[in-house]
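Shown below: start.csv, with CSV, C-alpha atoms.
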chain,number,residue,atom,x,y,z
B,1,MET,CA,47.4,76.5,107.2
B,2,PHE,CA,49.5,74.2,105.2
B,3,GLY,CA,50.4,70.9,106.9
B,4,SER,CA,54.0,71.0,105.7
B,5,LEU,CA,56.4,73.0,103.8
B,6,ARG,CA,56.4,70.3,101.0
B,7,GLU,CA,52.6,70.8,100.7
B,8,PHE,CA,53.1,74.5,100.5
B,9,PHE,CA,55.6,74.2,97.6
B,10,ASP,CA,53.5,71.6,95.8
B,11,ASP,CA,50.6,74.1,96.0
B,12,ILE,CA,52.7,77.1,94.8
B,13,ALA,CA,54.4,75.2,92.0
B,14,GLY,CA,51.6,73.0,91.0
B,15,PRO,CA,48.8,73.7,88.5
B,16,PRO,CA,46.3,76.3,89.4
B,17,ARG,CA,43.5,75.0,91.6
B,18,THR,CA,39.9,75.8,91.5
B,19,ASP,CA,39.6,75.8,95.3
B,20,PRO,CA,39.1,79.4,96.4
B,21,ALA,CA,40.5,78.8,99.9
B,22,ALA,CA,43.7,77.3,98.5
B,23,ASP,CA,44.0,80.2,96.0
B,24,GLU,CA,43.5,82.7,98.9
B,25,GLN,CA,46.1,80.9,101.0
B,26,ARG,CA,48.6,80.9,98.1
B,27,LEU,CA,48.1,84.7,97.7
B,28,ARG,CA,48.6,85.3,101.4
B,29,VAL,CA,51.8,83.3,101.4
B,30,ALA,CA,53.1,85.0,98.3
B,31,VAL,CA,52.6,88.5,99.9
B,32,ALA,CA,54.1,87.3,103.2
B,33,VAL,CA,57.2,85.9,101.6
B,34,LEU,CA,57.9,89.1,99.7
B,35,LEU,CA,57.6,91.1,102.9
B,36,VAL,CA,59.7,88.6,104.8
B,37,GLU,CA,62.4,88.8,102.1
B,38,VAL,CA,62.8,92.5,102.9
B,39,MET,CA,63.0,91.7,106.6
B,40,ARG,CA,65.6,89.1,106.1
B,41,ALA,CA,67.7,91.1,103.5
B,42,GLU,CA,70.0,92.6,106.1
B,43,ASP,CA,71.7,90.9,109.0
B,44,GLY,CA,69.5,90.5,112.0
B,45,VAL,CA,65.7,90.8,112.0
B,46,THR,CA,64.5,93.6,114.3
B,47,ALA,CA,61.2,93.5,116.3
B,48,GLN,CA,60.1,96.7,114.4
B,49,GLU,CA,60.6,94.9,111.0
B,50,ARG,CA,58.6,91.9,112.2
B,51,GLU,CA,55.8,94.1,113.5
B,52,ALA,CA,55.8,95.9,110.1
B,53,VAL,CA,55.4,92.6,108.3
B,54,THR,CA,52.6,91.5,110.6
B,55,ALA,CA,50.9,94.9,110.3
B,56,ALA,CA,51.1,94.8,106.5
B,57,LEU,CA,49.6,91.3,106.4
B,58,GLY,CA,46.8,92.5,108.7
B,59,ASN,CA,46.1,95.4,106.3
B,60,HIS,CA,45.9,93.1,103.4
B,61,PHE,CA,44.1,90.2,104.8
B,62,GLY,CA,42.5,91.2,108.1
B,63,ALA,CA,43.6,90.8,111.7
B,64,GLY,CA,43.0,87.1,111.8
B,65,GLY,CA,44.7,85.0,114.5
B,66,GLN,CA,46.9,83.2,111.9
B,67,LEU,CA,49.1,86.1,111.0
B,68,GLU,CA,52.0,84.9,113.2
B,69,GLN,CA,51.7,81.4,111.6
B,70,LEU,CA,51.7,83.0,108.2
B,71,VAL,CA,54.9,84.9,109.0
B,72,VAL,CA,56.6,81.7,110.3
B,73,LEU,CA,55.6,79.8,107.1
B,74,ALA,CA,56.8,82.7,104.9
B,75,GLN,CA,60.1,82.8,106.7
B,76,GLU,CA,60.6,79.1,106.0
B,77,ALA,CA,59.5,79.5,102.4
B,78,SER,CA,61.8,82.5,102.0
B,79,ARG,CA,64.8,80.5,103.2
B,80,THR,CA,64.2,77.6,100.8
B,81,ALA,CA,63.0,79.6,97.7
B,82,ASN,CA,65.4,80.0,94.7
B,83,ASP,CA,63.8,83.2,93.4
B,84,PHE,CA,60.9,85.5,93.7
B,85,PHE,CA,59.1,84.5,90.4
B,86,GLN,CA,56.8,81.9,92.0
B,87,PHE,CA,55.5,84.5,94.4
B,88,THR,CA,55.4,87.5,92.1
B,89,ASN,CA,53.6,85.4,89.5
B,90,THR,CA,50.8,84.7,91.9
B,91,LEU,CA,50.4,88.4,92.6
B,92,ASN,CA,50.5,89.3,88.9
B,93,GLU,CA,47.7,86.8,88.3
B,94,ARG,CA,45.5,88.0,91.1
B,95,PHE,CA,46.3,91.6,92.0
B,96,SER,CA,45.4,94.8,90.3
B,97,ARG,CA,48.1,97.4,89.6
B,98,ASP,CA,47.1,99.4,92.6
B,99,GLN,CA,47.3,96.3,94.9
B,100,LYS,CA,50.8,95.5,93.5
B,101,ILE,CA,51.9,99.1,94.2
B,102,GLN,CA,50.5,98.7,97.7
B,103,VAL,CA,52.7,95.6,98.3
B,104,ILE,CA,55.7,97.6,97.1
B,105,GLU,CA,54.8,100.4,99.6
B,106,GLU,CA,54.5,97.9,102.4
B,107,MET,CA,57.9,96.4,101.5
B,108,TRP,CA,59.3,99.9,101.8
B,109,ARG,CA,57.6,100.3,105.2
B,110,VAL,CA,59.3,97.0,106.4
B,111,ALA,CA,62.6,98.3,105.1
B,112,TYR,CA,62.2,101.6,107.0
B,113,ALA,CA,60.7,100.1,110.2
B,114,ASP,CA,64.1,99.9,112.0
B,115,GLY,CA,65.0,103.5,111.0
B,116,HIS,CA,67.6,102.4,108.5
B,117,LEU,CA,67.4,101.5,104.8
B,118,GLY,CA,69.9,98.9,103.9
B,119,THR,CA,71.4,98.4,100.4
B,120,LEU,CA,70.2,94.8,100.2
B,121,GLU,CA,66.6,95.8,101.3
B,122,ASN,CA,66.6,98.4,98.5
B,123,SER,CA,67.8,95.7,96.0
B,124,VAL,CA,65.1,93.2,97.0
B,125,ILE,CA,62.3,95.8,96.6
B,126,ALA,CA,63.7,96.9,93.2
B,127,ARG,CA,63.8,93.3,91.9
B,128,VAL,CA,60.3,92.6,93.2
B,129,SER,CA,59.0,95.8,91.7
B,130,ASP,CA,60.4,94.8,88.3
B,131,LEU,CA,58.8,91.4,88.5
B,132,LEU,CA,55.5,93.0,89.4
B,133,HIS,CA,55.7,95.3,86.4
B,134,VAL,CA,55.6,98.4,88.7
B,135,THR,CA,57.0,101.4,86.9
B,136,HIS,CA,59.9,103.3,88.3
B,137,GLY,CA,57.7,106.3,89.1
B,138,GLU,CA,55.3,104.1,91.0
B,139,TYR,CA,58.2,102.5,92.8
B,140,ILE,CA,59.6,105.9,93.9
B,141,ALA,CA,56.1,107.2,94.9
B,142,ALA,CA,55.6,104.1,97.1
B,143,LYS,CA,59.0,104.7,98.7
B,144,VAL,CA,58.2,108.4,99.4
B,145,ARG,CA,54.8,107.5,101.0
B,146,ALA,CA,56.5,104.8,103.1
B,147,GLN,CA,59.2,107.3,104.2
B,148,GLU,CA,56.5,109.9,105.2
B,149,ALA,CA,54.5,107.3,107.1
B,150,THR,CA,57.6,106.2,109.0
B,151,ARG,CA,58.5,109.8,109.9
B,152,SER,CA,54.9,110.6,111.1
B,153,ARG,CA,55.0,107.7,113.7
Translate this file's structure into structure tokens.
Amino acid sequence: MFGSLREFFDDIAGPPRTDPAADEQRLRVAVAVLLVEVMRAEDGVTAQEREAVTAALGNHFGAGGQLEQLVVLAQEASRTANDFFQFTNTLNERFSRDQKIQVIEEMWRVAYADGHLGTLENSVIARVSDLLHVTHGEYIAAKVRAQEATRSR
């Protein structure tokens, strides 16, 4: 894990590295921040939303013991970030179209985790979807899949 928040931002903002471990960590943090942004969009973070973020990260990166640390780091990065570009750019560089759609679907699952879709949550997902170059049809299909998954729980 990163030693400090400054180290994290230097890594995100700095030139691309050739270290595969650092690249993987950058990718993990980018996904985590986008999920956390949905969780933080509305007042009050619920336990269900936090669990949805952790579950989504586990689906993407495995159930390693560092998921909680990743969520904490992502929350701090989310509080101090000016925009989504640095995170979506990382995903655009490394993820396939299907993987980016999966991130959007997971963001919807976080939004629906507490049983209520807030306007700000919807707005965050729409902005990220645009930055990831996900079409409106793919965005809506991801939303529908997330709604259905939430209902089936």
- Using all atoms listed in the file, the shortest atom-to-atom distance to B:Gln147 among B:Arg94, B:Arg79, B:Arg127, B:His116 belongs to B:His116
- Task: Please identify all polymer residues within 9 Å of stretch 31-47 of chain B, counting only C-alpha atoms, omitting same-chain residues fewer than 4 positions from it, and present them as a PyMOL selection string.
- Result: chain B and resi 26-27+51-54+56-57+60+70-71+73-79+84+87-88+91+103-104+106-108+110-111+113-114+118-125+128
- So what do you get for atom CA of B:His136 versus atom CA of B:Glu93, distance-wise?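 That distance, rounded to one decimal, is 20.5 Å.
Residues lying at most 9 Å from (50.7, 93.6, 85.6) in file coordinates, with all atoms listed in the file considered, are Leu91, Asn92, Glu93, Phe95, Ser96, Arg97, Lys100, Leu131, Leu132, His133 and Val134 of chain B.
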- Item | Which of B:Tyr139, B:Ala126, B:Tyr112, B:Gln99 sits closest to B:Arg151 [using all atoms listed in the file] | B:Tyr112
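Separating atom CA of B:Gln66 from atom CA of B:Gln48 is a distance of 19.0 Å.
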- In Å, how far is it from atom CA of B:Arg28 to atom CA of B:Arg145?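 Rounded to one decimal, the two atoms are 23.1 Å apart.
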- Query: Using all atoms listed in the file, which of B:Leu67, B:Val144, B:Glu24, B:Ala30 sits nearest B:Ala81?
  - Reply: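 Smallest distance to B:Ala81 is found for B:Ala30.
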- Note on the structure: Counting only C-alpha atoms, closest pick from B:Pro20, B:Gly137, B:Gly58, B:Gly115 relative to B:Ala149 is B:Gly115
